$ cat input_9.txt   # compact mmCIF, C-alpha atoms
# COMPACT_ATOMS: atom_id res chain seq x y z
CA MET A 1 -136.95 233.37 30.70
CA SER A 2 -137.90 229.69 30.52
CA GLU A 3 -135.31 227.01 31.19
CA LEU A 4 -132.97 226.56 28.25
CA GLY A 5 -133.08 223.40 26.18
CA ASP A 6 -130.44 220.69 26.20
CA GLY A 7 -128.76 221.82 23.00
CA THR A 8 -128.50 225.41 24.18
CA ARG A 9 -127.15 224.38 27.57
CA CYS A 10 -124.51 222.13 25.98
CA VAL A 11 -123.32 224.85 23.61
CA ARG A 12 -122.96 227.44 26.37
CA ALA A 13 -121.97 225.33 29.39
CA GLY A 14 -118.95 226.64 31.24
CA LEU A 15 -118.08 229.42 28.81
CA PRO A 16 -116.64 232.64 30.25
CA GLU A 17 -118.42 235.94 29.83
CA PRO A 18 -117.91 237.21 26.25
CA ALA A 19 -115.37 239.95 25.70
CA PRO A 20 -114.42 241.60 22.39
CA GLY A 21 -111.45 239.88 20.84
CA ASP A 22 -111.65 236.78 23.04
CA PRO A 23 -112.52 233.30 21.71
CA PHE A 24 -115.77 231.63 22.74
CA LEU A 25 -113.78 228.89 24.50
CA PRO A 26 -110.27 229.93 25.57
CA GLY A 27 -107.48 227.67 24.41
CA PRO A 28 -105.81 225.24 26.81
CA VAL A 29 -103.44 226.68 29.40
CA PHE A 30 -100.28 224.58 29.46
CA ALA A 31 -98.56 225.43 32.72
CA ALA A 32 -96.97 223.59 35.60
CA PRO A 33 -95.90 226.66 37.60
CA TYR A 34 -97.48 230.10 37.45
CA HIS A 35 -96.10 233.48 38.52
CA LEU A 36 -96.61 234.09 42.23
CA ASP A 37 -96.77 237.39 44.07
CA PRO A 38 -93.14 238.07 45.15
CA TRP A 39 -94.16 239.06 48.68
CA GLN A 40 -97.37 237.21 49.52
CA GLY A 41 -96.77 234.07 47.46
CA GLN A 42 -99.80 231.84 47.03
CA GLY A 43 -103.38 232.96 47.62
CA THR A 44 -103.36 236.10 45.52
CA SER A 45 -104.36 234.15 42.36
CA PRO A 46 -106.45 231.03 41.73
CA ASN A 47 -103.42 229.58 39.95
CA GLY A 48 -100.45 228.50 42.01
CA TYR A 49 -99.30 225.15 40.68
CA GLY A 50 -100.61 223.00 37.83
CA ARG A 51 -101.62 219.91 39.83
CA PRO A 52 -104.32 221.57 41.99
CA ASP A 53 -104.87 224.62 39.78
CA ASN A 54 -105.60 224.97 36.08
CA PRO A 55 -108.04 227.42 34.46
CA THR A 56 -108.83 225.11 31.53
CA ARG A 57 -109.80 222.36 33.94
CA ARG A 58 -111.95 224.73 35.98
CA LEU A 59 -113.92 225.78 32.90
CA LEU A 60 -114.63 222.14 32.08
CA GLU A 61 -115.72 221.51 35.67
CA ALA A 62 -118.07 224.44 35.48
CA ALA A 63 -119.55 223.06 32.25
CA VAL A 64 -120.09 219.50 33.50
CA GLY A 65 -121.36 220.85 36.81
CA GLU A 66 -123.99 222.91 35.00
CA LEU A 67 -125.22 219.82 33.14
CA GLU A 68 -125.23 217.54 36.21
CA GLY A 69 -126.66 220.19 38.54
CA GLY A 70 -123.85 220.23 41.11
CA ASP A 71 -120.21 221.10 41.71
CA CYS A 72 -117.83 218.99 39.65
CA ARG A 73 -114.26 217.72 39.86
CA VAL A 74 -112.67 216.04 36.86
CA PHE A 75 -110.15 213.20 36.99
CA ALA A 76 -107.70 211.56 34.62
CA SER A 77 -110.16 208.74 33.83
CA GLY A 78 -113.50 207.35 34.90
CA GLN A 79 -111.77 204.65 36.92
CA ALA A 80 -109.73 207.33 38.70
CA ALA A 81 -112.93 209.20 39.59
CA ILE A 82 -114.63 206.07 40.97
CA THR A 83 -111.64 204.70 42.89
CA GLY A 84 -110.85 208.17 44.21
CA THR A 85 -114.40 208.46 45.48
CA LEU A 86 -114.27 205.05 47.14
CA LEU A 87 -110.94 205.70 48.84
CA THR A 88 -112.02 209.17 49.94
CA LEU A 89 -115.21 207.98 51.61
CA LEU A 90 -114.39 204.50 52.91
CA ARG A 91 -112.32 203.52 55.95
CA PRO A 92 -111.43 200.13 57.48
CA GLY A 93 -114.57 198.67 59.00
CA ASP A 94 -116.94 200.46 56.59
CA THR A 95 -119.34 198.59 54.34
CA VAL A 96 -119.91 199.46 50.70
CA VAL A 97 -122.56 198.07 48.31
CA LEU A 98 -121.38 197.74 44.70
CA PRO A 99 -123.08 196.45 41.53
CA SER A 100 -122.30 192.84 40.67
CA ASP A 101 -123.21 193.53 37.04
CA GLY A 102 -121.51 196.90 36.53
CA TYR A 103 -118.12 197.89 35.18
CA PHE A 104 -115.85 194.94 36.05
CA PRO A 105 -112.64 196.91 36.96
CA VAL A 106 -114.59 198.44 39.85
CA ARG A 107 -115.33 194.97 41.20
CA ALA A 108 -111.68 194.02 40.73
CA PHE A 109 -110.58 197.14 42.62
CA ALA A 110 -112.95 196.29 45.44
CA THR A 111 -111.59 192.78 45.90
CA THR A 112 -107.89 193.58 45.38
CA VAL A 113 -107.74 196.89 47.27
CA LEU A 114 -110.80 197.70 49.37
CA GLU A 115 -111.14 194.30 51.01
CA THR A 116 -107.42 194.16 51.76
CA ILE A 117 -107.65 197.39 53.78
CA GLY A 118 -110.59 196.18 55.82
CA VAL A 119 -113.59 197.49 53.86
CA ARG A 120 -116.53 195.07 53.71
CA VAL A 121 -117.82 194.79 50.15
CA LEU A 122 -121.30 193.58 49.21
CA PHE A 123 -122.00 192.87 45.53
CA VAL A 124 -125.65 193.22 44.48
CA PRO A 125 -127.28 193.06 41.01
CA THR A 126 -128.55 196.40 39.72
CA VAL A 127 -132.16 195.23 39.95
CA GLY A 128 -131.60 193.77 43.43
CA PRO A 129 -132.77 192.39 45.73
CA TYR A 130 -130.85 194.80 47.94
CA PRO A 131 -129.89 193.92 51.52
CA SER A 132 -130.58 196.11 54.52
CA PHE A 133 -128.48 199.26 54.36
CA GLU A 134 -128.09 199.46 58.14
CA GLY A 135 -124.39 200.00 58.85
CA VAL A 136 -123.60 200.71 55.18
CA ARG A 137 -121.46 203.76 54.48
CA LEU A 138 -121.88 203.97 50.68
CA VAL A 139 -124.13 202.46 48.01
CA LEU A 140 -122.84 202.72 44.44
CA VAL A 141 -125.08 201.84 41.50
CA GLU A 142 -124.58 202.03 37.76
CA THR A 143 -127.79 202.74 35.86
CA PRO A 144 -128.20 201.78 33.09
CA ALA A 145 -125.71 199.07 34.05
CA ASN A 146 -122.74 198.33 31.82
CA PRO A 147 -122.94 196.03 29.93
CA GLY A 148 -126.33 194.42 30.72
CA LEU A 149 -128.34 197.70 30.70
CA ASP A 150 -130.50 196.98 33.74
CA VAL A 151 -131.96 200.07 35.44
CA VAL A 152 -132.65 200.83 39.11
CA ASP A 153 -135.14 203.29 40.59
CA VAL A 154 -132.78 205.97 41.93
CA VAL A 155 -135.45 207.82 43.91
CA ALA A 156 -136.51 204.70 45.81
CA LEU A 157 -132.92 203.59 46.38
CA ALA A 158 -131.90 207.04 47.65
CA GLU A 159 -134.76 207.01 50.14
CA ARG A 160 -133.70 203.58 51.44
CA ALA A 161 -130.04 204.54 51.68
CA HIS A 162 -130.68 207.84 53.43
CA ALA A 163 -133.09 206.25 55.91
CA ALA A 164 -130.22 203.97 56.98
CA GLY A 165 -127.65 206.77 57.06
CA ALA A 166 -125.85 205.69 53.90
CA LEU A 167 -124.69 207.78 50.95
CA LEU A 168 -125.83 206.99 47.40
CA ALA A 169 -123.51 207.40 44.43
CA VAL A 170 -124.73 206.85 40.86
CA ASP A 171 -122.48 206.02 37.93
CA ASN A 172 -124.02 208.09 35.14
CA THR A 173 -121.65 207.05 32.35
CA THR A 174 -124.15 205.32 30.08
CA ALA A 175 -126.97 207.83 30.49
CA THR A 176 -124.92 211.08 30.58
CA PRO A 177 -126.38 214.15 32.33
CA LEU A 178 -128.75 214.68 29.40
CA GLY A 179 -130.20 211.21 29.91
CA GLN A 180 -130.74 211.62 33.64
CA ARG A 181 -129.62 213.83 36.52
CA PRO A 182 -129.13 211.57 39.55
CA LEU A 183 -128.64 214.52 41.91
CA ASP A 184 -132.19 215.62 41.09
CA LEU A 185 -133.37 212.09 41.93
CA GLY A 186 -131.83 212.12 45.40
CA ALA A 187 -128.30 210.80 44.86
CA ASP A 188 -125.51 212.33 46.94
CA LEU A 189 -122.85 211.93 44.28
CA VAL A 190 -122.54 211.30 40.58
CA VAL A 191 -119.48 209.59 39.15
CA ALA A 192 -118.88 208.92 35.47
CA SER A 193 -116.43 208.24 32.72
CA GLY A 194 -116.26 211.23 30.40
CA THR A 195 -114.26 209.10 27.97
CA LYS A 196 -117.45 207.78 26.46
CA ALA A 197 -120.63 209.51 25.28
CA LEU A 198 -120.09 212.71 27.26
CA THR A 199 -117.15 213.72 25.05
CA GLY A 200 -117.92 211.22 22.30
CA HIS A 201 -114.97 211.58 19.92
CA SER A 202 -112.90 208.59 21.12
CA ASP A 203 -109.83 210.77 21.56
CA LEU A 204 -109.37 211.27 25.32
CA LEU A 205 -109.66 209.72 28.78
CA LEU A 206 -111.63 211.58 31.44
CA GLY A 207 -113.65 211.01 34.59
CA TYR A 208 -115.61 213.22 36.94
CA LEU A 209 -117.53 213.45 40.18
CA ALA A 210 -120.38 215.85 40.90
CA SER A 211 -122.23 216.63 44.13
CA ARG A 212 -124.25 219.33 45.86
CA SER A 213 -122.45 218.66 49.14
CA ALA A 214 -119.56 221.06 49.76
CA GLU A 215 -118.19 218.63 52.34
CA LEU A 216 -118.02 215.77 49.83
CA ILE A 217 -116.54 217.98 47.10
CA ASP A 218 -113.87 219.31 49.47
CA ALA A 219 -112.92 215.80 50.57
CA VAL A 220 -112.63 214.54 46.99
CA THR A 221 -110.66 217.65 45.98
CA ARG A 222 -108.13 217.01 48.76
CA TRP A 223 -107.81 213.41 47.61
CA ARG A 224 -107.28 214.43 43.99
CA THR A 225 -104.70 217.06 44.92
CA GLY A 226 -102.82 214.60 47.12
CA THR A 227 -102.80 211.78 44.57
CA GLY A 228 -102.38 213.94 41.46
CA SER A 229 -105.03 212.11 39.42
CA VAL A 230 -105.86 215.12 37.24
CA PRO A 231 -106.41 215.28 33.47
CA GLY A 232 -104.03 217.28 31.33
CA ALA A 233 -104.98 220.70 30.05
CA PHE A 234 -105.36 219.58 26.45
CA ASP A 235 -107.66 216.69 27.37
CA ALA A 236 -109.75 219.07 29.47
CA TRP A 237 -109.98 221.50 26.56
CA LEU A 238 -110.89 218.72 24.10
CA ALA A 239 -113.61 217.54 26.46
CA HIS A 240 -115.11 221.01 26.83
CA ARG A 241 -115.05 221.53 23.07
CA SER A 242 -116.83 218.20 22.59
CA LEU A 243 -119.62 218.98 25.07
CA ALA A 244 -121.14 221.48 22.66
CA THR A 245 -122.39 218.68 20.37
CA LEU A 246 -123.55 216.30 23.11
CA ASP A 247 -127.25 216.91 22.49
CA LEU A 248 -126.89 216.38 18.74
CA ARG A 249 -124.77 213.25 19.11
CA LEU A 250 -127.07 211.64 21.66
CA ALA A 251 -130.14 212.31 19.53
CA ARG A 252 -128.70 210.43 16.55
CA GLN A 253 -127.22 207.64 18.69
CA SER A 254 -130.53 207.05 20.44
CA ALA A 255 -132.44 207.06 17.15
CA ASN A 256 -129.97 204.56 15.73
CA ALA A 257 -130.29 202.34 18.79
CA ALA A 258 -134.07 202.33 18.44
CA ALA A 259 -133.87 201.34 14.78
CA VAL A 260 -131.21 198.69 15.36
CA SER A 261 -133.19 197.21 18.25
CA ASP A 262 -136.22 196.92 15.98
CA LEU A 263 -134.08 195.08 13.43
CA LEU A 264 -132.57 192.72 16.00
CA ALA A 265 -135.91 191.99 17.67
CA GLY A 266 -137.17 190.52 14.41
CA ARG A 267 -134.25 188.16 13.84
CA PRO A 268 -134.40 184.61 15.18
CA ASP A 269 -130.59 184.36 15.06
CA VAL A 270 -130.27 187.09 17.73
CA THR A 271 -131.23 186.46 21.35
CA GLY A 272 -131.11 188.33 24.65
CA LEU A 273 -131.74 191.77 23.15
CA ARG A 274 -131.62 194.57 25.74
CA TRP A 275 -132.31 198.26 25.24
CA PRO A 276 -134.10 200.27 27.94
CA GLY A 277 -136.05 202.21 25.31
CA ARG A 278 -138.01 199.18 24.10
CA PRO A 279 -141.47 198.85 25.71
CA ASP A 280 -140.92 195.10 26.07
CA ASP A 281 -137.55 195.50 27.83
CA PRO A 282 -137.56 194.65 31.57
CA ALA A 283 -135.94 198.03 32.32
CA TYR A 284 -138.48 200.08 30.37
CA PRO A 285 -141.00 200.85 33.15
CA VAL A 286 -138.36 202.45 35.38
CA ALA A 287 -136.23 203.86 32.57
CA SER A 288 -139.13 205.57 30.81
CA ALA A 289 -140.16 207.29 34.05
CA GLN A 290 -136.67 208.16 35.28
CA MET A 291 -134.66 208.95 32.17
CA ARG A 292 -135.02 211.95 29.90
CA ARG A 293 -133.63 210.09 26.89
CA MET A 294 -132.35 206.61 26.13
CA PRO A 295 -128.70 205.78 25.47
CA GLY A 296 -127.29 204.69 22.14
CA VAL A 297 -126.03 201.42 23.64
CA LEU A 298 -127.75 198.04 23.37
CA SER A 299 -126.74 194.43 23.96
CA PHE A 300 -127.56 191.03 22.48
CA ASP A 301 -126.18 187.52 22.00
CA LEU A 302 -124.98 185.99 18.73
CA GLY A 303 -124.37 182.52 20.15
CA THR A 304 -120.60 182.08 19.88
CA ALA A 305 -117.43 184.12 19.94
CA ASP A 306 -116.67 182.97 16.40
CA ARG A 307 -119.99 184.24 15.10
CA VAL A 308 -119.36 187.61 16.74
CA GLY A 309 -116.03 187.77 14.92
CA ARG A 310 -117.65 186.92 11.60
CA PHE A 311 -120.34 189.55 12.16
CA VAL A 312 -117.88 192.36 12.90
CA ALA A 313 -115.55 191.33 10.09
CA ALA A 314 -118.43 191.44 7.60
CA ALA A 315 -119.72 194.83 8.75
CA ARG A 316 -118.56 197.98 7.00
CA LEU A 317 -119.88 200.42 9.61
CA VAL A 318 -119.26 198.48 12.85
CA ALA A 319 -115.76 198.46 14.34
CA ALA A 320 -114.45 196.15 17.04
CA ALA A 321 -113.55 198.39 20.00
CA THR A 322 -113.92 198.25 23.76
CA SER A 323 -115.25 201.71 24.58
CA PHE A 324 -118.68 203.11 23.74
CA GLY A 325 -120.50 206.37 23.12
CA GLY A 326 -118.35 207.56 20.21
CA LEU A 327 -119.18 208.85 16.76
CA HIS A 328 -118.50 205.46 15.17
CA THR A 329 -120.61 202.39 15.79
CA THR A 330 -118.63 199.79 17.74
CA ALA A 331 -119.16 196.23 18.91
CA ASP A 332 -117.49 194.74 21.97
CA ARG A 333 -117.59 191.05 22.94
CA ARG A 334 -117.48 191.60 26.67
CA ALA A 335 -116.43 188.09 27.74
CA GLN A 336 -112.95 188.73 26.35
CA TRP A 337 -112.39 191.43 29.01
CA GLY A 338 -113.51 189.47 32.06
CA ASP A 339 -117.19 190.33 32.26
CA ASP A 340 -119.42 187.49 33.42
CA THR A 341 -121.22 187.25 30.10
CA ALA A 342 -121.85 184.51 27.53
CA PRO A 343 -119.20 184.02 24.81
CA GLY A 344 -121.50 185.48 22.14
CA PHE A 345 -122.67 188.49 24.18
CA VAL A 346 -122.19 191.80 22.34
CA ARG A 347 -122.42 195.37 23.59
CA LEU A 348 -123.19 197.51 20.56
CA SER A 349 -122.65 201.26 20.75
CA CYS A 350 -124.46 203.09 17.97
CA GLY A 351 -122.63 205.99 16.41
CA VAL A 352 -123.95 208.89 14.40
CA GLU A 353 -124.04 207.25 10.98
CA ASP A 354 -127.20 207.69 8.90
CA THR A 355 -129.80 205.36 10.35
CA PRO A 356 -130.77 203.53 7.12
CA ASP A 357 -127.10 202.91 6.31
CA LEU A 358 -126.37 201.48 9.76
CA VAL A 359 -129.44 199.23 9.85
CA ALA A 360 -128.74 197.87 6.38
CA ASP A 361 -125.09 197.23 7.22
CA ILE A 362 -125.89 195.35 10.43
CA ALA A 363 -128.53 193.25 8.70
CA ALA A 364 -126.11 192.32 5.92
CA ALA A 365 -123.32 191.53 8.40
CA LEU A 366 -125.61 189.24 10.40
CA ASP A 367 -126.58 187.43 7.22
CA ALA A 368 -122.91 187.05 6.29
CA ALA A 369 -122.04 185.76 9.77
CA GLY A 370 -124.03 182.61 9.11
CA PRO A 371 -126.48 180.73 11.34
CA ARG A 372 -126.16 180.26 15.08
CA SER A 373 -124.98 176.92 16.40
CA GLY A 374 -127.88 174.51 16.55
CA GLY A 375 -129.30 175.60 13.21
CA LEU A 376 -130.76 178.98 14.02
$ encode --input "input_9.txt" --output "structure tokens"
Amino acid sequence: MSELGDGTRCVRAGLPEPAPGDPFLPGPVFAAPYHLDPWQGQGTSPNGYGRPDNPTRRLLEAAVGELEGGDCRVFASGQAAITGTLLTLLRPGDTVVLPSDGYFPVRAFATTVLETIGVRVLFVPTVGPYPSFEGVRLVLVETPANPGLDVVDVVALAERAHAAGALLAVDNTTATPLGQRPLDLGADLVVASGTKALTGHSDLLLGYLASRSAELIDAVTRWRTGTGSVPGAFDAWLAHRSLATLDLRLARQSANAAAVSDLLAGRPDVTGLRWPGRPDDPAYPVASAQMRRMPGVLSFDLGTADRVGRFVAAARLVAAATSFGGLHTTADRRAQWGDDTAPGFVRLSCGVEDTPDLVADIAAALDAAGPRSGGL
């Protein structure tokens, strides 16, 4: 049988073997303690206590692991997955390379926590230039980067890191495992926020790590058990339920992003347009070779914070919100959160609205927002 398509894999990922009378996806198991064997205690069942053990969580991990191509451990949030990975792998005296243009709370964590415990931190733009990796313990990249959407060649970077004895971790939040599978490209670990496009309904927080290394998975599992940074059973169940429509959601979001980028590219009052799926985008040569599909996220500049506010207020189908990857189209002015971006910089996350409706609404909202400063 040939390899199953994305939609089929999403629908079936992590489901138990069918049995008459059972649901396709079992409901969430809400339990802190479980019954233990009166004589032997723990070890006779996979469930002993709710922090390390939960069957709903294990089904979700099996599903995400199937899509990423490795073993998976889920966390309470994407930030918990990334910081847990960093603290599991790094010790005083180690050096870590982090993106200077990636998710800003990771940079904040590096300077307020990692550096204070003696970890040397090097910040490098996603597109480089990268320093020598000699003496580096871990290289973490985010590709496409959030929010600027630059892309790095994972295969080439993995070869460089491994030649120097370093590990490579890839933040796959923006792409999702249907957009790219970093483990197939040579990465040692994948980390991601499942809050965003992976689950896509804007109703839960989730993070995960995936790897093909049993040693790395065991180390992260011990860290998660010791710190307790696990998602609740209901969030895990909601996430697994949502995975079934990932292929469908991404297809519409990507189509909407392509159409919106075409609109924005033709407007003189919009500058700095970035979307890796555009042939004229700087990221396109690498992205088109490395990625299986393009994300529904794009970025651009409207000139001023006030004009961004007018644009969002005038739009009927674009909501102001700081996450991305959901069913509803959202706009986020990233400078308000601490990103090193211009005041008018916008990260737009396309939802699953009908494409003509979304394009028309954005065009009308831009018209209503008025000209850019300087007469444009």
$ closest_residue --input "input_9.txt" --among "A:Arg222, A:Arg278, A:Arg316, A:Arg137" --to "A:Ala161" --atoms "all atoms listed in the file"
A:Arg137
$ residues_around --input "input_9.txt" --residues "A:Ala314" --least-positions-apart "5" --cutoff "12 Å" --atoms "all atoms listed in the file" --output "PyMOL selection string"
chain A and resi 307-309+319-320+361-370
$ write_last_selection --input "input_9.txt" --atoms "C-alpha atoms" --output "mmCIF file, in the frame of the given file"
data_model
loop_
_atom_site.group_PDB
_atom_site.id
_atom_site.type_symbol
_atom_site.label_atom_id
_atom_site.label_comp_id
_atom_site.auth_asym_id
_atom_site.auth_seq_id
_atom_site.Cartn_x
_atom_site.Cartn_y
_atom_site.Cartn_z
ATOM 1 C CA ARG A 307 -119.990 184.240 15.100
ATOM 2 C CA VAL A 308 -119.360 187.610 16.740
ATOM 3 C CA GLY A 309 -116.030 187.770 14.920
ATOM 4 C CA ALA A 319 -115.760 198.460 14.340
ATOM 5 C CA ALA A 320 -114.450 196.150 17.040
ATOM 6 C CA ASP A 361 -125.090 197.230 7.220
ATOM 7 C CA ILE A 362 -125.890 195.350 10.430
ATOM 8 C CA ALA A 363 -128.530 193.250 8.700
ATOM 9 C CA ALA A 364 -126.110 192.320 5.920
ATOM 10 C CA ALA A 365 -123.320 191.530 8.400
ATOM 11 C CA LEU A 366 -125.610 189.240 10.400
ATOM 12 C CA ASP A 367 -126.580 187.430 7.220
ATOM 13 C CA ALA A 368 -122.910 187.050 6.290
ATOM 14 C CA ALA A 369 -122.040 185.760 9.770
ATOM 15 C CA GLY A 370 -124.030 182.610 9.110
#
$ residues_around --input "input_9.txt" --residues "A:Ser132" --least-positions-apart "5" --cutoff "12 Å" --atoms "all atoms listed in the file" --output "PyMOL selection string"
chain A and resi 95-97+122+124+137+139+157+160-166
$ write_last_selection --input "input_9.txt" --atoms "C-alpha atoms" --output "CSV table (one decimal), in the coordinates of the input"
chain,number,residue,atom,x,y,z
A,95,THR,CA,-119.3,198.6,54.3
A,96,VAL,CA,-119.9,199.5,50.7
A,97,VAL,CA,-122.6,198.1,48.3
A,122,LEU,CA,-121.3,193.6,49.2
A,124,VAL,CA,-125.6,193.2,44.5
A,137,ARG,CA,-121.5,203.8,54.5
A,139,VAL,CA,-124.1,202.5,48.0
A,157,LEU,CA,-132.9,203.6,46.4
A,160,ARG,CA,-133.7,203.6,51.4
A,161,ALA,CA,-130.0,204.5,51.7
A,162,HIS,CA,-130.7,207.8,53.4
A,163,ALA,CA,-133.1,206.2,55.9
A,164,ALA,CA,-130.2,204.0,57.0
A,165,GLY,CA,-127.6,206.8,57.1
A,166,ALA,CA,-125.8,205.7,53.9
$ closest_residue --input "input_9.txt" --among "A:Gly69, A:Asp357, A:Ala156, A:Ser229" --to "A:Tyr130" --atoms "only C-alpha atoms"
A:Ala156
$ closest_residue --input "input_9.txt" --among "A:Leu168, A:Val359, A:Leu15, A:Cys350" --to "A:Lys196" --atoms "all atoms listed in the file"
A:Cys350
$ residues_around --input "input_9.txt" --residues "stretch 203-209 of chain A" --least-positions-apart "3" --cutoff "10 Å" --atoms "all atoms listed in the file" --output "JSON, numbers by chain"
{"A": [61, 64, 65, 68, 70, 71, 72, 73, 74, 75, 76, 77, 78, 79, 80, 81, 82, 84, 85, 169, 170, 171, 172, 173, 189, 190, 191, 192, 193, 194, 195, 196, 198, 199, 200, 216, 217, 220, 221, 229, 230, 231, 232, 234, 235, 236, 238, 239, 326]}
$ residues_around --input "input_9.txt" --residues "A:Asp301" --least-positions-apart "4" --cutoff "9 Å" --atoms "all atoms listed in the file" --output "PyMOL selection string"
chain A and resi 269-273+308+342-347
$ atom_distance --input "input_9.txt" --atom1 "atom CA of A:Val11" --atom2 "atom CA of A:Asp188"
26.6 Å
$ atom_distance --input "input_9.txt" --atom1 "atom CA of A:Pro92" --atom2 "atom CA of A:Ser213"
23.1 Å
$ atom_distance --input "input_9.txt" --atom1 "atom CA of A:Ser261" --atom2 "atom CA of A:Trp275"
7.1 Å
$ residues_around --input "input_9.txt" --residues "A:Pro268" --least-positions-apart "2" --cutoff "10 Å" --atoms "only C-alpha atoms" --output "compact mmCIF listing (two decimals) with C-alpha atoms, in the coordinates of the input"
# COMPACT_ATOMS: atom_id res chain seq x y z
CA LEU A 264 -132.57 192.72 16.00
CA ALA A 265 -135.91 191.99 17.67
CA GLY A 266 -137.17 190.52 14.41
CA VAL A 270 -130.27 187.09 17.73
CA THR A 271 -131.23 186.46 21.35
CA PRO A 371 -126.48 180.73 11.34
CA ARG A 372 -126.16 180.26 15.08
CA LEU A 376 -130.76 178.98 14.02
$ closest_atom_pairs --input "input_9.txt" --of "stretch 66-178 of chain A" --to "stretch 281-284 of chain A" --cutoff "10 Å" --atoms "all atoms listed in the file" --output "tab-separated table"
residue	atom	partner	partner_atom	distance
A:Val127	CA	A:Ala283	CA	9.0
A:Pro144	CA	A:Ala283	CA	8.6
A:Leu149	CA	A:Ala283	CA	7.8
A:Asp150	CA	A:Ala283	CA	5.7
A:Val151	CA	A:Ala283	CA	5.5
A:Val152	CA	A:Ala283	CA	8.0
A:Asp153	CA	A:Ala283	CA	9.8
$ write_last_selection --input "input_9.txt" --atoms "C-alpha atoms" --output "PDB file, keeping the file's coordinate frame"
ATOM      1  CA  VAL A 127    -132.160 195.230  39.950  1.00  0.00           C
ATOM      2  CA  PRO A 144    -128.200 201.780  33.090  1.00  0.00           C
ATOM      3  CA  LEU A 149    -128.340 197.700  30.700  1.00  0.00           C
ATOM      4  CA  ASP A 150    -130.500 196.980  33.740  1.00  0.00           C
ATOM      5  CA  VAL A 151    -131.960 200.070  35.440  1.00  0.00           C
ATOM      6  CA  VAL A 152    -132.650 200.830  39.110  1.00  0.00           C
ATOM      7  CA  ASP A 153    -135.140 203.290  40.590  1.00  0.00           C
TER       8      ASP A 153
END
$ residues_near_point --input "input_9.txt" --point "(-102.9, 220.6, 43.2)" --cutoff "10 Å" --atoms "only C-alpha atoms" --output "ChimeraX atom specification"
/A:47-54,221-230
$ closest_residue --input "input_9.txt" --among "A:Thr174, A:Ser323, A:Ser349, A:Thr44" --to "A:Trp337" --atoms "all atoms listed in the file"
A:Ser323
$ closest_residue --input "input_9.txt" --among "A:Thr245, A:Gln290, A:Thr83, A:Asn256" --to "A:Gly7" --atoms "all atoms listed in the file"
A:Thr245
$ closest_residue --input "input_9.txt" --among "A:Thr329, A:Gln336, A:Thr322, A:Ser100" --to "A:Val260" --atoms "all atoms listed in the file"
A:Thr329
